[in-house]
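Visitor: My structure is in run06.txt, and what it holds is compact mmCIF, C-alpha atoms:
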```txt
# COMPACT_ATOMS: atom_id res chain seq x y z
CA MET M 129 50.89 -18.06 -4.46
CA ALA M 130 47.59 -19.80 -3.92
CA THR M 131 47.68 -23.47 -4.64
CA LEU M 132 45.56 -25.02 -7.33
CA ARG M 133 43.23 -26.57 -4.82
CA ASP M 134 42.58 -23.23 -3.09
CA ILE M 135 41.64 -21.56 -6.32
CA LYS M 136 39.38 -24.41 -7.30
CA ARG M 137 37.60 -24.23 -3.97
CA LYS M 138 37.13 -20.51 -4.36
CA ILE M 139 35.65 -20.91 -7.82
CA GLU M 140 33.18 -23.44 -6.46
CA ALA M 141 32.17 -21.07 -3.65
CA VAL M 142 31.60 -18.13 -5.96
CA ARG M 143 29.59 -20.29 -8.31
CA LYS M 144 27.34 -21.43 -5.44
CA THR M 145 26.83 -17.83 -4.39
CA SER M 146 25.81 -16.91 -7.88
CA GLN M 147 23.24 -19.68 -7.84
CA ILE M 148 21.72 -18.23 -4.71
CA THR M 149 21.66 -14.67 -5.99
CA LYS M 150 20.16 -15.84 -9.23
CA ALA M 151 17.40 -17.65 -7.36
CA MET M 152 16.76 -14.56 -5.25
CA ASN M 153 16.59 -12.48 -8.38
CA MET M 154 13.90 -14.71 -9.79
CA VAL M 155 11.93 -14.77 -6.55
CA ALA M 156 12.06 -10.98 -6.40
CA ALA M 157 10.93 -10.77 -10.01
CA SER M 158 7.85 -12.87 -9.39
CA LYS M 159 7.04 -11.03 -6.17
CA LEU M 160 7.46 -7.77 -8.01
CA ARG M 161 4.88 -8.83 -10.54
CA GLY M 162 2.40 -9.63 -7.77
CA ALA M 163 3.05 -6.42 -5.88
CA GLN M 164 2.74 -4.36 -9.01
CA GLN M 165 -0.58 -5.95 -9.85
CA ASN M 166 -1.89 -5.21 -6.39
CA MET M 167 -0.79 -1.63 -6.69
CA GLU M 168 -2.50 -1.28 -10.03
CA LYS M 169 -5.70 -2.78 -8.64
CA PHE M 170 -5.68 -0.20 -5.89
CA HIS M 171 -4.98 2.65 -8.25
CA PRO M 172 -8.55 3.28 -9.50
CA TYR M 173 -9.80 3.54 -5.94
CA ALA M 174 -7.13 6.02 -4.91
CA GLN M 175 -7.71 8.03 -8.04
CA LYS M 176 -11.48 8.21 -7.57
CA PHE M 177 -11.03 8.99 -3.92
CA ARG M 178 -8.83 11.97 -4.68
CA GLU M 179 -11.27 13.34 -7.22
CA PHE M 180 -14.02 12.84 -4.72
CA ILE M 181 -12.34 14.68 -1.92
CA GLY M 182 -11.14 17.38 -4.27
CA ARG M 183 -14.73 18.15 -5.20
CA LEU M 184 -15.84 18.17 -1.62
CA ALA M 185 -12.99 20.32 -0.38
CA ALA M 186 -13.52 22.80 -3.19
CA GLY M 187 -16.80 23.87 -1.66
CA VAL M 188 -15.30 24.60 1.75
CA GLU M 189 -14.75 28.25 2.57
CA ASP M 190 -13.97 28.01 6.25
CA THR M 191 -11.43 25.28 6.91
CA SER M 192 -11.37 25.85 10.65
CA VAL M 193 -14.45 23.66 11.06
CA TYR M 194 -12.40 20.62 10.17
CA SER M 195 -9.55 19.98 12.56
CA LEU M 196 -7.69 17.85 10.03
CA LEU M 197 -7.51 20.71 7.57
CA THR M 198 -6.46 23.38 10.02
CA PRO M 199 -2.73 24.09 10.43
CA LYS M 200 -1.53 24.49 14.00
CA GLU M 201 -0.33 27.94 14.97
CA THR M 202 3.03 26.82 16.29
CA VAL M 203 4.75 23.66 15.21
CA LYS M 204 6.84 22.11 17.94
CA ASN M 205 6.42 18.40 17.52
CA VAL M 206 6.38 16.54 14.26
CA GLU M 207 5.52 12.93 13.68
CA LEU M 208 7.20 11.01 10.90
CA LEU M 209 5.87 7.75 9.57
CA LEU M 210 8.88 6.00 8.12
CA VAL M 211 8.18 3.18 5.71
CA THR M 212 11.02 0.80 4.90
CA ALA M 213 11.37 -2.84 3.92
CA ASP M 214 11.61 -5.60 6.51
CA ARG M 215 14.49 -7.32 4.82
CA GLY M 216 17.77 -6.27 3.37
CA LEU M 217 19.72 -7.50 0.35
CA CYS M 218 18.09 -4.93 -1.84
CA GLY M 219 20.95 -2.58 -2.56
CA SER M 220 20.74 0.94 -1.23
CA PHE M 221 16.94 0.86 -1.01
CA ASN M 222 16.66 0.94 2.78
CA THR M 223 19.75 3.07 3.25
CA ASN M 224 18.30 5.75 1.01
CA LEU M 225 15.15 5.85 3.09
CA LEU M 226 17.03 5.92 6.37
CA VAL M 227 19.35 8.66 5.17
CA GLY M 228 16.29 10.60 4.08
CA ALA M 229 14.82 10.22 7.56
CA GLU M 230 18.06 11.34 9.22
CA ARG M 231 18.23 14.37 7.02
CA PHE M 232 14.62 15.25 7.75
CA ILE M 233 15.15 14.94 11.50
CA LYS M 234 18.27 17.08 11.34
CA ALA M 235 16.56 19.77 9.28
CA LYS M 236 13.63 19.88 11.67
CA LYS M 237 15.92 20.02 14.68
CA ALA M 238 17.65 23.01 13.19
CA GLU M 239 14.27 24.74 13.19
CA GLY M 240 13.74 23.81 16.79
CA VAL M 241 11.18 21.14 16.05
CA GLU M 242 11.24 17.75 17.73
CA VAL M 243 10.63 14.72 15.56
CA SER M 244 9.29 11.43 16.77
CA LEU M 245 8.95 8.36 14.66
CA ILE M 246 6.51 5.67 13.82
CA ASN M 247 8.40 2.95 12.05
CA ALA M 248 6.80 0.70 9.50
CA GLY M 249 9.43 -1.85 8.59
CA ARG M 250 12.05 -3.85 10.45
CA LYS M 251 14.97 -1.99 8.93
CA ALA M 252 13.68 1.31 10.30
CA ARG M 253 13.24 -0.19 13.74
CA ASP M 254 16.73 -1.70 13.77
CA TYR M 255 18.32 1.51 12.63
CA PHE M 256 16.66 3.82 15.13
CA ARG M 257 16.78 1.44 18.06
CA ARG M 258 20.04 2.79 19.35
CA ARG M 259 19.77 6.35 18.16
CA PRO M 260 18.62 9.36 20.17
CA VAL M 261 15.28 9.68 18.42
CA LYS M 262 11.97 9.08 20.05
CA VAL M 263 10.22 6.09 18.52
CA ARG M 264 6.55 5.85 19.24
CA GLU M 265 5.52 2.70 17.46
CA ASN M 266 7.06 -0.08 15.45
CA HIS M 267 5.13 -1.97 12.85
CA MET M 268 6.53 -4.94 11.02
CA GLY M 269 5.51 -7.37 8.34
CA LEU M 270 3.22 -4.88 6.65
CA LEU M 271 4.72 -5.16 3.21
CA ASN M 272 4.37 -8.93 2.90
CA LYS M 273 0.73 -8.45 2.27
CA VAL M 274 -0.33 -4.85 2.07
CA ALA M 275 -3.76 -4.57 3.64
CA TYR M 276 -6.31 -1.83 4.09
CA GLU M 277 -6.72 -2.84 7.73
CA ASP M 278 -3.07 -2.03 8.53
CA ALA M 279 -3.24 1.30 6.77
CA ARG M 280 -6.34 2.15 8.74
CA ARG M 281 -4.76 1.22 12.04
CA ILE M 282 -1.67 3.32 11.42
CA GLY M 283 -3.69 6.14 9.91
CA SER M 284 -6.04 6.38 12.84
CA SER M 285 -3.19 6.51 15.33
CA LEU M 286 -1.63 9.32 13.29
CA ILE M 287 -4.91 11.21 13.33
CA GLU M 288 -5.20 10.71 17.06
CA LEU M 289 -1.72 12.13 17.61
CA PHE M 290 -2.62 15.14 15.53
CA GLU M 291 -5.95 15.74 17.18
CA THR M 292 -4.68 15.41 20.73
CA GLY M 293 -1.93 17.89 19.88
CA GLU M 294 0.93 15.49 20.51
CA ALA M 295 2.04 16.12 16.97
CA ASP M 296 1.50 19.42 15.20
CA GLU M 297 2.31 18.05 11.80
CA VAL M 298 2.49 14.56 10.43
CA TYR M 299 4.73 13.49 7.57
CA ILE M 300 5.26 10.26 5.76
CA LEU M 301 8.53 9.09 4.25
CA TYR M 302 8.24 6.28 1.77
CA SER M 303 9.81 5.10 -1.42
CA HIS M 304 8.09 6.59 -4.42
CA PHE M 305 8.02 4.09 -7.24
CA ILE M 306 8.95 5.75 -10.51
CA ASN M 307 9.83 2.71 -12.56
CA ILE M 308 11.53 -0.63 -12.08
CA ALA M 309 14.97 0.91 -12.21
CA LYS M 310 14.20 3.99 -10.14
CA GLN M 311 12.73 4.52 -6.70
CA GLN M 312 12.81 7.84 -4.96
CA PRO M 313 12.49 8.36 -1.22
CA SER M 314 9.93 11.09 -0.80
CA ILE M 315 8.44 13.00 2.09
CA VAL M 316 4.82 14.06 2.02
CA ARG M 317 2.89 16.01 4.62
CA LEU M 318 -0.16 14.06 5.68
CA LEU M 319 -1.59 16.35 8.32
CA PRO M 320 -2.88 19.00 8.25
CA ILE M 321 -4.25 18.03 4.87
CA ALA M 322 -3.15 20.44 2.19
CA PRO M 323 -6.06 21.73 0.15
CA THR M 324 -6.00 20.11 -3.27
CA GLU M 325 -5.77 22.46 -6.17
CA GLN M 326 -8.88 22.57 -8.20
CA LYS M 327 -8.71 22.55 -11.94
CA GLU M 328 -10.55 25.26 -13.80
CA GLY M 329 -14.06 24.46 -14.81
CA GLU M 330 -14.48 21.59 -12.39
CA LYS M 331 -16.49 23.64 -10.01
CA ALA M 332 -19.33 23.86 -12.46
CA PHE M 333 -21.37 21.17 -10.75
CA GLU M 334 -23.64 21.90 -7.88
CA TYR M 335 -23.95 18.82 -5.80
CA LEU M 336 -26.62 17.45 -3.59
CA PHE M 337 -25.12 16.06 -0.42
CA GLU M 338 -26.41 13.38 1.83
CA PRO M 339 -26.39 13.42 4.88
CA SER M 340 -24.75 16.89 4.56
CA HIS M 341 -21.66 18.46 3.14
CA GLU M 342 -20.10 18.82 6.54
CA ALA M 343 -20.90 15.33 7.73
CA LEU M 344 -19.57 13.82 4.52
CA LEU M 345 -16.30 15.68 4.65
CA THR M 346 -15.74 14.94 8.32
CA ASP M 347 -16.28 11.31 7.54
CA LEU M 348 -14.10 11.32 4.43
CA LEU M 349 -11.03 13.11 5.70
CA PRO M 350 -9.74 10.29 7.93
CA ASN M 351 -10.32 7.87 5.08
CA TYR M 352 -8.19 10.08 2.90
CA ILE M 353 -5.29 9.59 5.31
CA TYR M 354 -5.79 5.83 5.19
CA VAL M 355 -5.72 5.90 1.42
CA GLN M 356 -2.50 7.92 1.45
CA VAL M 357 -0.84 5.53 3.89
CA LEU M 358 -2.02 2.52 1.95
CA GLU M 359 -0.73 3.92 -1.29
CA SER M 360 2.72 4.58 0.16
CA LEU M 361 2.81 1.05 1.55
CA TYR M 362 2.02 -0.31 -1.90
CA GLN M 363 4.66 1.82 -3.55
CA THR M 364 7.32 0.90 -1.03
CA SER M 365 6.57 -2.78 -1.39
CA VAL M 366 6.84 -2.64 -5.16
CA GLY M 367 10.04 -0.60 -4.83
CA GLU M 368 11.55 -3.11 -2.45
CA HIS M 369 11.11 -5.98 -4.86
CA ALA M 370 12.33 -3.95 -7.80
CA ALA M 371 15.42 -2.86 -5.86
CA ARG M 372 16.12 -6.42 -4.74
CA MET M 373 15.76 -7.70 -8.26
CA ALA M 374 18.27 -5.16 -9.54
CA ALA M 375 20.69 -5.80 -6.67
CA MET M 376 20.59 -9.55 -7.21
CA GLU M 377 21.04 -9.16 -10.91
CA ASN M 378 24.17 -7.12 -10.24
CA ALA M 379 25.43 -9.66 -7.76
CA THR M 380 24.94 -12.49 -10.22
CA SER M 381 26.87 -10.74 -12.95
CA ASN M 382 29.64 -9.83 -10.51
CA CYS M 383 29.87 -13.50 -9.55
CA LYS M 384 30.18 -14.49 -13.20
CA GLU M 385 32.98 -11.98 -13.69
CA LEU M 386 34.76 -13.29 -10.62
CA VAL M 387 34.48 -16.87 -11.81
CA ARG M 388 35.95 -15.86 -15.14
CA THR M 389 39.04 -14.20 -13.67
CA LEU M 390 39.51 -16.98 -11.15
CA THR M 391 39.34 -19.61 -13.88
CA LEU M 392 42.00 -17.69 -15.75
CA THR M 393 44.36 -17.68 -12.77
CA TYR M 394 43.57 -21.33 -12.17
CA ASN M 395 44.56 -22.27 -15.71
CA LYS M 396 47.69 -20.16 -15.56
CA ALA M 397 48.73 -21.82 -12.33
CA ARG M 398 48.00 -25.26 -13.77
CA GLN M 399 50.10 -24.56 -16.85
CA ALA M 400 52.94 -23.20 -14.79
CA GLY M 401 52.82 -26.40 -12.72
CA ILE M 402 52.95 -28.60 -15.84
CA THR M 403 55.83 -26.64 -17.31
CA LYS M 404 57.77 -26.94 -14.09
CA GLU M 405 57.21 -30.69 -13.93
CA LEU M 406 58.27 -31.11 -17.52
CA MET M 407 61.48 -29.19 -16.91
CA ASP M 408 62.22 -31.40 -13.94
CA ILE M 409 61.72 -34.53 -16.00
CA VAL M 410 63.79 -33.24 -18.89
CA GLY M 411 66.52 -32.09 -16.52
CA GLY M 412 66.58 -35.50 -14.81
CA ALA M 413 66.78 -37.35 -18.13
CA GLU M 414 69.66 -35.13 -19.28
CA ALA M 415 71.54 -35.86 -16.10
CA LEU M 416 71.11 -39.63 -16.50
CA ARG M 417 72.37 -39.61 -20.07
CA LYS M 418 75.77 -38.15 -19.13
CA MET W 129 -34.68 4.02 -23.27
CA ALA W 130 -31.52 4.79 -25.10
CA GLU W 131 -29.68 6.48 -22.28
CA LYS W 132 -27.66 4.37 -19.91
CA ILE W 133 -25.73 4.96 -16.73
CA LEU W 134 -22.15 3.85 -16.31
CA LEU W 135 -21.88 2.10 -12.98
CA GLU W 136 -18.43 1.67 -11.49
CA ILE W 137 -17.72 -0.05 -8.21
CA VAL W 138 -14.18 0.17 -6.85
CA THR W 139 -12.71 -1.04 -3.57
CA PRO W 140 -9.16 -0.70 -2.21
CA GLU W 141 -8.50 -4.28 -3.30
CA ARG W 142 -9.88 -4.24 -6.82
CA LYS W 143 -12.22 -2.82 -9.39
CA VAL W 144 -15.32 -4.86 -8.86
CA LEU W 145 -17.42 -3.77 -11.75
CA SER W 146 -17.79 -1.31 -14.58
CA GLU W 147 -20.97 -1.67 -16.56
CA GLU W 148 -23.62 0.19 -18.50
CA VAL W 149 -26.94 -0.12 -16.73
CA ASP W 150 -30.45 1.32 -16.79
CA ILE W 151 -31.08 1.91 -13.12
CA VAL W 152 -29.10 1.76 -9.89
CA VAL W 153 -30.57 1.49 -6.42
CA ALA W 154 -28.07 2.05 -3.61
CA PRO W 155 -28.31 1.91 0.18
CA GLY W 156 -27.77 5.52 1.30
CA GLU W 157 -27.09 6.51 4.86
CA LEU W 158 -30.54 8.13 5.10
CA GLY W 159 -32.33 5.49 3.09
CA GLU W 160 -32.25 3.81 -0.24
CA PHE W 161 -32.08 5.93 -3.34
CA GLY W 162 -32.50 5.16 -7.01
CA VAL W 163 -30.60 6.68 -9.90
CA LEU W 164 -31.92 6.93 -13.43
CA PRO W 165 -30.17 8.55 -16.39
CA GLY W 166 -30.10 12.33 -16.08
CA HIS W 167 -29.83 12.42 -12.29
CA ILE W 168 -28.44 15.63 -10.81
CA PRO W 169 -24.93 15.54 -9.27
CA PHE W 170 -25.15 13.85 -5.92
CA LEU W 171 -22.67 12.76 -3.25
CA CYS W 172 -23.74 10.32 -0.63
CA LYS W 173 -22.45 8.16 2.17
CA LEU W 174 -23.48 4.54 1.91
CA LYS W 175 -24.29 2.16 4.68
CA ILE W 176 -23.80 -1.58 4.70
CA GLY W 177 -26.40 -3.13 2.48
CA GLU W 178 -27.48 -4.26 -0.90
CA LEU W 179 -26.93 -2.43 -4.15
CA ARG W 180 -29.17 -3.35 -7.08
CA PHE W 181 -28.90 -2.49 -10.70
CA ARG W 182 -30.82 -3.46 -13.77
CA SER W 183 -29.65 -3.62 -17.32
CA GLY W 184 -32.27 -4.59 -19.84
CA ALA W 185 -34.25 -7.44 -18.35
CA THR W 186 -31.60 -8.75 -15.97
CA SER W 187 -31.07 -7.30 -12.57
CA GLN W 188 -28.07 -7.95 -10.39
CA HIS W 189 -27.22 -7.48 -6.75
CA VAL W 190 -24.01 -6.58 -4.99
CA ALA W 191 -23.34 -6.51 -1.25
CA ILE W 192 -21.70 -3.22 -0.25
CA MET W 193 -19.83 -2.92 3.03
CA GLY W 194 -20.23 0.80 3.40
CA GLY W 195 -18.60 3.54 1.38
CA TYR W 196 -19.50 6.52 -0.75
CA ALA W 197 -21.40 7.12 -3.95
CA GLU W 198 -21.02 9.83 -6.48
CA VAL W 199 -23.56 10.52 -9.19
CA LEU W 200 -22.39 12.68 -12.05
CA LYS W 201 -23.66 13.06 -15.58
CA ASN W 202 -24.92 9.54 -16.10
CA THR W 203 -22.13 7.90 -14.19
CA VAL W 204 -22.41 6.36 -10.76
CA THR W 205 -19.17 5.73 -8.93
CA ILE W 206 -19.25 3.62 -5.81
CA LEU W 207 -16.22 3.76 -3.53
CA ALA W 208 -16.83 0.82 -1.25
CA THR W 209 -14.76 -0.48 1.64
CA ALA W 210 -15.55 -3.92 0.24
CA ALA W 211 -18.05 -5.24 -2.26
CA GLU W 212 -19.11 -8.70 -3.29
CA ALA W 213 -21.29 -9.79 -6.18
CA ALA W 214 -23.94 -12.42 -5.50
CA THR W 215 -21.91 -15.19 -7.10
CA GLU W 216 -18.87 -14.53 -4.92
CA ILE W 217 -20.58 -14.83 -1.60
CA ASP W 218 -19.89 -17.81 0.59
CA VAL W 219 -23.33 -18.48 2.07
CA ILE W 220 -22.16 -20.95 4.68
CA ARG W 221 -19.54 -18.55 5.95
CA ALA W 222 -21.98 -15.67 5.99
CA LYS W 223 -24.48 -17.74 7.96
CA ALA W 224 -21.83 -18.69 10.47
CA ALA W 225 -20.82 -15.05 10.72
CA ARG W 226 -24.42 -14.06 11.36
CA GLU W 227 -24.79 -16.55 14.18
CA ARG W 228 -21.50 -15.47 15.69
CA ALA W 229 -22.50 -11.84 15.50
CA GLU W 230 -25.89 -12.50 17.06
CA LYS W 231 -24.25 -14.32 19.91
CA ARG W 232 -21.74 -11.57 20.44
CA LEU W 233 -24.50 -9.02 20.33
CA SER W 234 -26.40 -10.66 23.15
CA ASP W 235 -23.22 -11.25 25.18
CA SER W 236 -21.61 -7.88 24.70
CA ARG W 237 -21.14 -5.65 27.71
CA ASP W 238 -19.50 -2.43 26.57
CA LYS W 239 -20.54 -0.11 23.81
CA LEU W 240 -17.60 -0.63 21.48
CA GLU W 241 -18.08 -4.36 21.45
CA PHE W 242 -21.76 -3.85 20.78
CA THR W 243 -21.17 -1.59 17.79
CA ARG W 244 -18.64 -3.97 16.37
CA ALA W 245 -20.95 -6.93 16.71
CA GLN W 246 -23.73 -4.89 15.18
CA ALA W 247 -21.60 -3.98 12.17
CA ALA W 248 -20.60 -7.61 11.73
CA LEU W 249 -24.24 -8.62 11.87
CA HIS W 250 -25.20 -6.03 9.28
CA ARG W 251 -22.48 -7.26 6.97
CA ALA W 252 -23.58 -10.86 7.31
CA ILE W 253 -27.21 -9.97 6.72
CA ALA W 254 -26.34 -7.92 3.63
CA ARG W 255 -24.33 -10.81 2.22
CA LEU W 256 -27.10 -13.32 2.82
CA LYS W 257 -29.70 -11.06 1.34
CA VAL W 258 -27.70 -10.62 -1.82
CA ALA W 259 -26.88 -14.31 -2.05
CA GLU W 260 -30.56 -15.24 -1.78
CA ARG W 261 -31.46 -13.13 -4.76
CA GLN W 262 -29.29 -15.04 -7.10
```
Output the file's structure in the form of structure tokens.
Guide:
Amino acid sequence: MATLRDIKRKIEAVRKTSQITKAMNMVAASKLRGAQQNMEKFHPYAQKFREFIGRLAAGVEDTSVYSLLTPKETVKNVELLLVTADRGLCGSFNTNLLVGAERFIKAKKAEGVEVSLINAGRKARDYFRRRPVKVRENHMGLLNKVAYEDARRIGSSLIELFETGEADEVYILYSHFINIAKQQPSIVRLLPIAPTEQKEGEKAFEYLFEPSHEALLTDLLPNYIYVQVLESLYQTSVGEHAARMAAMENATSNCKELVRTLTLTYNKARQAGITKELMDIVGGAEALRK
Amino acid sequence: MAEKILLEIVTPERKVLSEEVDIVVAPGELGEFGVLPGHIPFLCKLKIGELRFRSGATSQHVAIMGGYAEVLKNTVTILATAAEAATEIDVIRAKAARERAEKRLSDSRDKLEFTRAQAALHRAIARLKVAERQ
């Protein structure tokens, strides 16, 4: 049986751990607030941009003019942009994303398609470092401060891969933020750009274009990719903080539970010790009396 | 003039402005254009420059770092890469940026560097122009 001192030490240790997890929980909560605000600030832009491109694309009859809209005849190589967090201690958040990536690669391999990766996030890099998957680029530290510049850099390298024919399709895997308690890894095809469905009655407007319809669309399409990448970065960053907050909350309550049961055993052991001592004393006194 | 135009300026970082105005003048790729209420639907690429709008007797200026404009039924939506209102502009920084860009422009050897310096110069000039108006 553990001695009293051992149990006491253990209780102390668990209590210290719970202090740390509680602090991490609060840090994650405040970061979550910031990240969520940033995401919401970006939202109007993304929304308007989609409407914008939807209207432009609606007028296009022949997609073959725009290389970014045209599907390749045969798909042999696929590029996957994998967005994960840089840091752990956020429950199954990263694991879910990595498992999703593995599954995607496997499924594509079964079709005879090679997948290569661009990793955005340290966890993705670490995971695929020693695995037989071709990794083209590694980006890190993007989620600390999500920036348009980063999204543009990654987006333009994706477009280049697609245009040079090194990749026939480009996908992105990121964590879709549903609410604070739920994040869903999701895969979206970035390139070729899928034509957006047009709602009925929206085509009623005849637009004037400047410089020209074609020039505008050619100019806009790459920007659309940047917006998509940026949005998934925002969502993943919010998801990371939400997941960490939940994980730390769990850890803290587990610590509390542990402290409770340990305290119980400690008190039991203490009482047992006192009882034993008392019996010794009583026994000794009895012996002396006779 | 009862009719007004709703002007909205959004950038990836924030929503800069949403206001009812009388007239908007924006820097289009092929030249400046003005929008009054009842304009026909119009999509346009914007270059780096100054966007003006007037509401009643007060007119305001915003520096636009390139983007797109959409005119639709008395609304003007500006999707800008970045946008700064006159009051937000740091004149000293913009001046320094202009000098830097001018220097780079005269020093630059290859084409890419030249275009970059040129863009930086345009941005600085647009900022200063807007700041002066205040």
Visitor: For Ala309 of chain M, which of M:Ala400, M:Met268, M:Leu344, M:Val366 is the closest residue, counting only C-alpha atoms?
Guide: M:Val366
Visitor: Between atom CA of Leu197 of chain M and atom CA of Ala343 of chain M, what is the distance, to one decimal in Å?
Guide: 14.4 Å
Visitor: Calculated over all atoms listed in the file, which of the candidates M:Leu271, M:Leu386, M:Ile135, M:Met373 has the smallest distance to Thr149 of chain M?
Guide: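 Looking only at the distances to Thr149 of chain M, the closest residue turns out to be M:Met373.
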Visitor: Could you list, as a compact mmCIF listing (two decimals) with C-alpha atoms, in the coordinates of the input, the residues of chain M having an atom within 10 Å of chain W when counting only C-alpha atoms?
Guide:
```
# COMPACT_ATOMS: atom_id res chain seq x y z
CA GLN M 165 -0.58 -5.95 -9.85
CA ASN M 166 -1.89 -5.21 -6.39
CA MET M 167 -0.79 -1.63 -6.69
CA GLU M 168 -2.50 -1.28 -10.03
CA LYS M 169 -5.70 -2.78 -8.64
CA PHE M 170 -5.68 -0.20 -5.89
CA HIS M 171 -4.98 2.65 -8.25
CA PRO M 172 -8.55 3.28 -9.50
CA TYR M 173 -9.80 3.54 -5.94
CA ALA M 174 -7.13 6.02 -4.91
CA LYS M 176 -11.48 8.21 -7.57
CA PHE M 177 -11.03 8.99 -3.92
CA PHE M 180 -14.02 12.84 -4.72
CA ARG M 183 -14.73 18.15 -5.20
CA LEU M 184 -15.84 18.17 -1.62
CA VAL M 274 -0.33 -4.85 2.07
CA ALA M 275 -3.76 -4.57 3.64
CA TYR M 276 -6.31 -1.83 4.09
CA PHE M 333 -21.37 21.17 -10.75
CA GLU M 334 -23.64 21.90 -7.88
CA TYR M 335 -23.95 18.82 -5.80
CA LEU M 336 -26.62 17.45 -3.59
CA PHE M 337 -25.12 16.06 -0.42
CA GLU M 338 -26.41 13.38 1.83
CA PRO M 339 -26.39 13.42 4.88
CA SER M 340 -24.75 16.89 4.56
CA HIS M 341 -21.66 18.46 3.14
CA ALA M 343 -20.90 15.33 7.73
CA LEU M 344 -19.57 13.82 4.52
CA ASP M 347 -16.28 11.31 7.54
CA LEU M 348 -14.10 11.32 4.43
CA VAL M 355 -5.72 5.90 1.42
CA LEU M 358 -2.02 2.52 1.95
CA GLU M 359 -0.73 3.92 -1.29
```
Visitor: Contacts of Leu289 of chain M at 9 Å or less, counting only C-alpha atoms, minus same-chain residues fewer than 5 places along, as a PyMOL selection string?
Guide: chain M and resi 207+284+294-296+298
Visitor: Let me see the file: selected residues, C-alpha atoms, as a tab-separated table (two decimals), keeping the file's coordinate frame.
Guide:
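Here's the written file result_7.tsv:
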```tsv
chain	number	residue	atom	x	y	z
M	207	GLU	CA	5.52	12.93	13.68
M	284	SER	CA	-6.04	6.38	12.84
M	294	GLU	CA	0.93	15.49	20.51
M	295	ALA	CA	2.04	16.12	16.97
M	296	ASP	CA	1.50	19.42	15.20
M	298	VAL	CA	2.49	14.56	10.43
```
Visitor: Got a sec: who's within 10 Å of His250 of chain W, counting all atoms listed in the file, leaving out chain neighbours fewer than 2 positions off, as a ChimeraX atom specification?
Guide: /W:175-177,193,226,229,244-248,252-256
Visitor: Those residues with C-alpha atoms, as an mmCIF file, in the coordinates of the input please?
Guide:
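Once everything was written out, this is out.cif:
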```
data_model
loop_
_atom_site.group_PDB
_atom_site.id
_atom_site.type_symbol
_atom_site.label_atom_id
_atom_site.label_comp_id
_atom_site.auth_asym_id
_atom_site.auth_seq_id
_atom_site.Cartn_x
_atom_site.Cartn_y
_atom_site.Cartn_z
ATOM 1 C CA LYS W 175 -24.290 2.160 4.680
ATOM 2 C CA ILE W 176 -23.800 -1.580 4.700
ATOM 3 C CA GLY W 177 -26.400 -3.130 2.480
ATOM 4 C CA MET W 193 -19.830 -2.920 3.030
ATOM 5 C CA ARG W 226 -24.420 -14.060 11.360
ATOM 6 C CA ALA W 229 -22.500 -11.840 15.500
ATOM 7 C CA ARG W 244 -18.640 -3.970 16.370
ATOM 8 C CA ALA W 245 -20.950 -6.930 16.710
ATOM 9 C CA GLN W 246 -23.730 -4.890 15.180
ATOM 10 C CA ALA W 247 -21.600 -3.980 12.170
ATOM 11 C CA ALA W 248 -20.600 -7.610 11.730
ATOM 12 C CA ALA W 252 -23.580 -10.860 7.310
ATOM 13 C CA ILE W 253 -27.210 -9.970 6.720
ATOM 14 C CA ALA W 254 -26.340 -7.920 3.630
ATOM 15 C CA ARG W 255 -24.330 -10.810 2.220
ATOM 16 C CA LEU W 256 -27.100 -13.320 2.820
#
```
Visitor: Suppose you want the space between atom CA of Glu297 of chain M and atom CA of Asn351 of chain M; what is it in Å?
Guide: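 Pair atom CA of Glu297 of chain M / atom CA of Asn351 of chain M returns 17.6 Å.
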Visitor: Measuring atom to atom with all atoms listed in the file, identify which of M:His369, M:Arg231, M:Arg258, M:Lys159 is nearest to Asp214 of chain M.
Guide: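 Under the stated criterion, the closest residue is M:His369.
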Visitor: Quick one: residues within 9 Å of Gly162 of chain W, only C-alpha atoms counted, chain neighbours fewer than 4 positions away excluded, as a PDB file with C-alpha atoms, keeping the file's coordinate frame?
Guide:
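Generated file (selection_37.pdb):
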```pdb
ATOM      1  CA  ILE W 151     -31.080   1.910 -13.120  1.00  0.00           C
ATOM      2  CA  VAL W 152     -29.100   1.760  -9.890  1.00  0.00           C
ATOM      3  CA  VAL W 153     -30.570   1.490  -6.420  1.00  0.00           C
ATOM      4  CA  ALA W 154     -28.070   2.050  -3.610  1.00  0.00           C
ATOM      5  CA  PRO W 155     -28.310   1.910   0.180  1.00  0.00           C
TER       6      PRO W 155
END
```
Visitor: Neighbouring residues of Ser195 of chain M were defined as those with any atom within 12 Å, considering only C-alpha atoms; residues of the same chain fewer than 3 positions away were excluded. Please report them as an mmCIF file with C-alpha atoms, in the frame of the given file.
Guide:
```cif
data_model
loop_
_atom_site.group_PDB
_atom_site.id
_atom_site.type_symbol
_atom_site.label_atom_id
_atom_site.label_comp_id
_atom_site.auth_asym_id
_atom_site.auth_seq_id
_atom_site.Cartn_x
_atom_site.Cartn_y
_atom_site.Cartn_z
ATOM 1 C CA ASP M 190 -13.970 28.010 6.250
ATOM 2 C CA THR M 191 -11.430 25.280 6.910
ATOM 3 C CA SER M 192 -11.370 25.850 10.650
ATOM 4 C CA THR M 198 -6.460 23.380 10.020
ATOM 5 C CA PRO M 199 -2.730 24.090 10.430
ATOM 6 C CA LYS M 200 -1.530 24.490 14.000
ATOM 7 C CA ILE M 287 -4.910 11.210 13.330
ATOM 8 C CA GLU M 288 -5.200 10.710 17.060
ATOM 9 C CA PHE M 290 -2.620 15.140 15.530
ATOM 10 C CA GLU M 291 -5.950 15.740 17.180
ATOM 11 C CA THR M 292 -4.680 15.410 20.730
ATOM 12 C CA GLY M 293 -1.930 17.890 19.880
ATOM 13 C CA ASP M 296 1.500 19.420 15.200
ATOM 14 C CA LEU M 319 -1.590 16.350 8.320
ATOM 15 C CA PRO M 320 -2.880 19.000 8.250
ATOM 16 C CA ILE M 321 -4.250 18.030 4.870
ATOM 17 C CA LEU M 345 -16.300 15.680 4.650
ATOM 18 C CA THR M 346 -15.740 14.940 8.320
ATOM 19 C CA LEU M 349 -11.030 13.110 5.700
ATOM 20 C CA PRO M 350 -9.740 10.290 7.930
#
```
